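Worksheet for the structure shown next.
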Amino acid sequence: MSEETIPQTVPPVRDWPAVDLPGSDFDPVLTELMREGPVTRISLPNGEGWAWLVTRHDDVRLVTNDPRFGREAVMDRQVTRLAPHFIPARGAVGFLDPPDHTRLRRSVAAAFTARGVERVRERSRGMLDELVDAMLQAGPPADLTEAVLSPFPTAVICELMGVPATDRHAMHTWTQLILSSSHGAEVSERAKNEMNAYFSDLIGLRSDSTGEDVTSLLGAAVGRSEITPAEAVGLAVLLQIGGEAVTNNSGQMFHLLLTRPELAERLRSEPEIRPRAIDELLRWIPHRNAVGLSRIALEDVEIKGVRIRAGDAVYVSYLAANRDPEVFADPDTIDFERSPNPHVSFGFGPHYCPGGMLARLESELLVDAVLDRVPGLKLAVAPEDVPFKKGALIRGPEALPVTW
């Protein structure tokens, strides 16, 4: 069949507003887009123009793993996007394509393997026990986010990164300012510059290090001239910020378990199912608003009968892929027996989240500690009164008021 005879159905451009959704409600606009077709067109609140959106599991895996779609080309474009501030650093790992992307990821891979993550398990469990001890000692009511879910991931990622405990608070503050859109671009940029300067100093001190933490691995890679100091700093900042995503995800997880106590009860009475159950919760929980970073088609590509032209921007929705009925039977139902569970909550392809294994470890430790040590845990307010973040790229409760 010649190109001229391929039927072209170009879908209309749909506006996708940034709506602050309560709890774990699934985005109604995304539901409509999934219904409208495997490939649709969207316009987000910021940036310019429109972009393609793919929502089916197999198409999402194709786009994220196919060298015909690149990230680097996004750098010089004002693609339609959710984030009001778009300040990518040239050479940042999120905007690199192989082979540079592969070279940079290789420098820290050892820290995120099963062995690397196991290295911090006992220390993480100890830090978590201290946080739960303090919460119990202070007595109810408490804000679970402030007491446990926020400081714990910060402590763990700092441990893995090799950031001294005395600097954790500064790291957490910078991360919040970088991730929030409510303070303005200038405040976000200043926080990013301060974090950059911090990691530049720390990595510079570790150029001949044999340590297993991330900044030591980066320092050693710079020392061997495998990566540049700027690349090392960019990667450190990305990993540090990404490490705090667990706060929001675990906040949603516990909000769900506290509003659906039958799920929490099952996890308490059947501890052996927890790893599989957490995987299912990771699949089901809508962990972000809209979509993340786009890719650019580097040549014409056809997906499900739709021709995407070279130069077109393309987004994937991992949330939609995780609800694909072709892959997940009864996808809107939380099924702790679901197996296999090929969800894409940590992405897919070269840009797969390196911290996926660490996030699973933290989620398992949190569920163990909170459910087992605080058996009477319940919400201290009505479910609808739990405040959720506004104007954030990543979804999660602002606070989680609990009692026991």
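Every chain in the structure tokens takes a letter, A first, then B, and so on in the order presented; its residues are numbered from 1, and the ligands are numbered from 1 following the presented order.
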
- Item | Spatial neighbours of range 385-395 of chain A, max dist 6 Å, only C-alpha atoms, sep filter under 4 positions, as a PyMOL selection string | chain A and resi 20+180+287-289

- Query: Any idea what's packed within 12 Å of Asp27 in chain A, counting only C-alpha atoms, ignoring anything in its chain fewer than 5 positions away? Could you give it as a list in words?
  - Reply: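 Once the nearby chain positions are removed, what remains is Trp16, Pro17, Ala18, Val19, Asp20, Leu21, Pro22, Glu32, Leu33, Met34, Ile285, Pro286, His287, Arg288, Asn289, Ala290, Val291, Ser317, Leu319, Ala320, Arg323 and Arg395 of chain A.
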
- Hey, what's within 10 Å of Arg90 in chain A if we count only C-alpha atoms and toss same-chain stuff fewer than 2 positions away? As a list in words, please?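 In the requested form, the answer reads Glu72, Met75, Asp76, Ile87, Pro88, Ala92, Val93, Gly94, Phe95, Leu96, Ala230, Glu231 and Gly234 of chain A.
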
- Task: Using DSSP on the backbone, list every residue of range 211-393 of chain A that comes out as strand (DSSP E or B), and give them as a ChimeraX atom specification.
- Result: /A:288,295-297,301-303,306-308,313-316,378-379,388,392

Using N, CA, C and O atoms, can you export the residues from the last selection as an mmCIF file, in the first residue's frame?
data_model
loop_
_atom_site.group_PDB
_atom_site.id
_atom_site.type_symbol
_atom_site.label_atom_id
_atom_site.label_comp_id
_atom_site.auth_asym_id
_atom_site.auth_seq_id
_atom_site.Cartn_x
_atom_site.Cartn_y
_atom_site.Cartn_z
ATOM 1 N N ARG A 288 0.557 11.118 39.082
ATOM 2 C CA ARG A 288 0.916 12.442 38.578
ATOM 3 C C ARG A 288 -0.292 13.102 37.919
ATOM 4 O O ARG A 288 -1.294 12.446 37.644
ATOM 5 N N ARG A 295 8.514 13.626 23.917
ATOM 6 C CA ARG A 295 9.570 13.225 22.985
ATOM 7 C C ARG A 295 9.244 13.845 21.638
ATOM 8 O O ARG A 295 8.109 14.244 21.400
ATOM 9 N N ILE A 296 10.244 13.880 20.767
ATOM 10 C CA ILE A 296 10.054 14.405 19.405
ATOM 11 C C ILE A 296 10.288 13.254 18.423
ATOM 12 O O ILE A 296 11.281 12.522 18.539
ATOM 13 N N ALA A 297 9.375 13.084 17.474
ATOM 14 C CA ALA A 297 9.572 12.078 16.423
ATOM 15 C C ALA A 297 10.717 12.548 15.529
ATOM 16 O O ALA A 297 10.699 13.669 15.025
ATOM 17 N N VAL A 301 6.650 8.158 11.671
ATOM 18 C CA VAL A 301 6.349 6.860 12.292
ATOM 19 C C VAL A 301 4.839 6.669 12.267
ATOM 20 O O VAL A 301 4.085 7.609 12.540
ATOM 21 N N GLU A 302 4.413 5.452 11.960
ATOM 22 C CA GLU A 302 2.978 5.176 11.991
ATOM 23 C C GLU A 302 2.620 4.355 13.226
ATOM 24 O O GLU A 302 3.266 3.349 13.525
ATOM 25 N N ILE A 303 1.615 4.821 13.969
ATOM 26 C CA ILE A 303 1.121 4.091 15.141
ATOM 27 C C ILE A 303 -0.384 3.937 14.998
ATOM 28 O O ILE A 303 -1.107 4.933 14.893
ATOM 29 N N VAL A 306 -2.127 5.927 12.385
ATOM 30 C CA VAL A 306 -1.954 7.386 12.425
ATOM 31 C C VAL A 306 -0.493 7.704 12.115
ATOM 32 O O VAL A 306 0.410 7.148 12.753
ATOM 33 N N ARG A 307 -0.273 8.566 11.128
ATOM 34 C CA ARG A 307 1.104 8.938 10.781
ATOM 35 C C ARG A 307 1.550 10.123 11.633
ATOM 36 O O ARG A 307 0.977 11.204 11.566
ATOM 37 N N ILE A 308 2.598 9.872 12.425
ATOM 38 C CA ILE A 308 3.228 10.928 13.224
ATOM 39 C C ILE A 308 4.417 11.420 12.417
ATOM 40 O O ILE A 308 5.285 10.635 12.025
ATOM 41 N N ALA A 313 5.715 16.541 18.359
ATOM 42 C CA ALA A 313 5.883 16.192 19.778
ATOM 43 C C ALA A 313 4.930 15.062 20.138
ATOM 44 O O ALA A 313 3.783 15.024 19.676
ATOM 45 N N VAL A 314 5.413 14.136 20.983
ATOM 46 C CA VAL A 314 4.617 12.966 21.373
ATOM 47 C C VAL A 314 4.716 12.772 22.883
ATOM 48 O O VAL A 314 5.815 12.776 23.446
ATOM 49 N N TYR A 315 3.569 12.608 23.517
ATOM 50 C CA TYR A 315 3.528 12.258 24.937
ATOM 51 C C TYR A 315 3.020 10.835 25.090
ATOM 52 O O TYR A 315 2.197 10.367 24.286
ATOM 53 N N VAL A 316 3.487 10.161 26.152
ATOM 54 C CA VAL A 316 2.887 8.881 26.540
ATOM 55 C C VAL A 316 2.221 9.080 27.895
ATOM 56 O O VAL A 316 2.651 9.919 28.687
ATOM 57 N N LYS A 378 -6.267 5.388 61.939
ATOM 58 C CA LYS A 378 -7.406 5.802 61.106
ATOM 59 C C LYS A 378 -7.320 7.301 60.843
ATOM 60 O O LYS A 378 -6.583 8.015 61.526
ATOM 61 N N LEU A 379 -8.065 7.742 59.843
ATOM 62 C CA LEU A 379 -8.073 9.169 59.530
ATOM 63 C C LEU A 379 -8.665 9.959 60.687
ATOM 64 O O LEU A 379 -9.629 9.521 61.315
ATOM 65 N N PHE A 388 -5.329 17.910 49.507
ATOM 66 C CA PHE A 388 -4.394 17.437 48.483
ATOM 67 C C PHE A 388 -3.664 18.609 47.860
ATOM 68 O O PHE A 388 -4.159 19.736 47.848
ATOM 69 N N ALA A 392 0.487 21.119 41.690
ATOM 70 C CA ALA A 392 1.712 20.315 41.696
ATOM 71 C C ALA A 392 1.725 19.383 40.487
ATOM 72 O O ALA A 392 0.678 18.996 39.974
#

- Message: Which of range 39-215 of chain A end up as helix (DSSP H, G or I) when DSSP is run on this backbone - answer as a VMD selection string?
- Response: chain A and resid 57 to 65 72 to 76 93 to 95 100 to 106 109 to 112 114 to 118 121 to 138 144 to 149 151 to 161 165 to 179 185 to 204 214 to 215

- Task: Name the residues in contact with range 117-119 of chain A at a cut-off of 12 Å, using only C-alpha atoms, excluding same-chain residues fewer than 6 positions from it; report them as a PyMOL selection string.
- Result: chain A and resi 109-111+125+156-157+159-161+211-214+354-362

- Considering only C-alpha atoms, return as a ChimeraX atom specification whatever protein or nucleic-acid residues lie within 12 Å of Ala264 in chain A, sequence-local ones (same chain, fewer than 2 positions apart) excluded. /A:253-262,266-271,273-274,277-278,281,336,367-368,370-372,374-378

- Message: List as number ranges by chain the protein and nucleic acid residues near Asp167 in chain A, meaning an atom at most 12 Å away when only C-alpha atoms are counted, but skip any in the same chain fewer than 4 places from it.
- Response: A: 154-155, 158-159, 161-163, 171-174, 195, 198-199, 202

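The space separating CA of Val381 in chain A from CA of Glu280 in chain A comes to 26.4 Å.
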
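Computed from the coordinates, the CA of Asn65 in chain A to CA of Leu30 in chain A distance equals 22.4 Å.
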
- Message: Here is a test: counting only C-alpha atoms, which residue of A:Ala197, A:Ile334, A:Val327, A:Val246 is nearest to Pro229 in chain A?
- Response: A:Ala197

- Message: I'd like to know which of A:Leu179, A:Ala310, A:Ala51, A:Val39 is closest to Ile241 in chain A, using only C-alpha atoms.
- Response: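 Nearest candidate to Ile241 in chain A out of A:Leu179, A:Ala310, A:Ala51, A:Val39: A:Leu179.
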
- Name the residues in contact with range 41-46 of chain A at a cut-off of 8 Å, using only C-alpha atoms, excluding same-chain residues fewer than 6 positions from it; report them as a list of chain:residue names. A:Pro11, A:Pro12, A:Val13, A:Arg14, A:Asp15, A:Trp16, A:Pro17, A:Ala18, A:Trp52, A:Leu53, A:Thr80, A:Arg81, A:Leu82, A:Ala83, A:Pro84
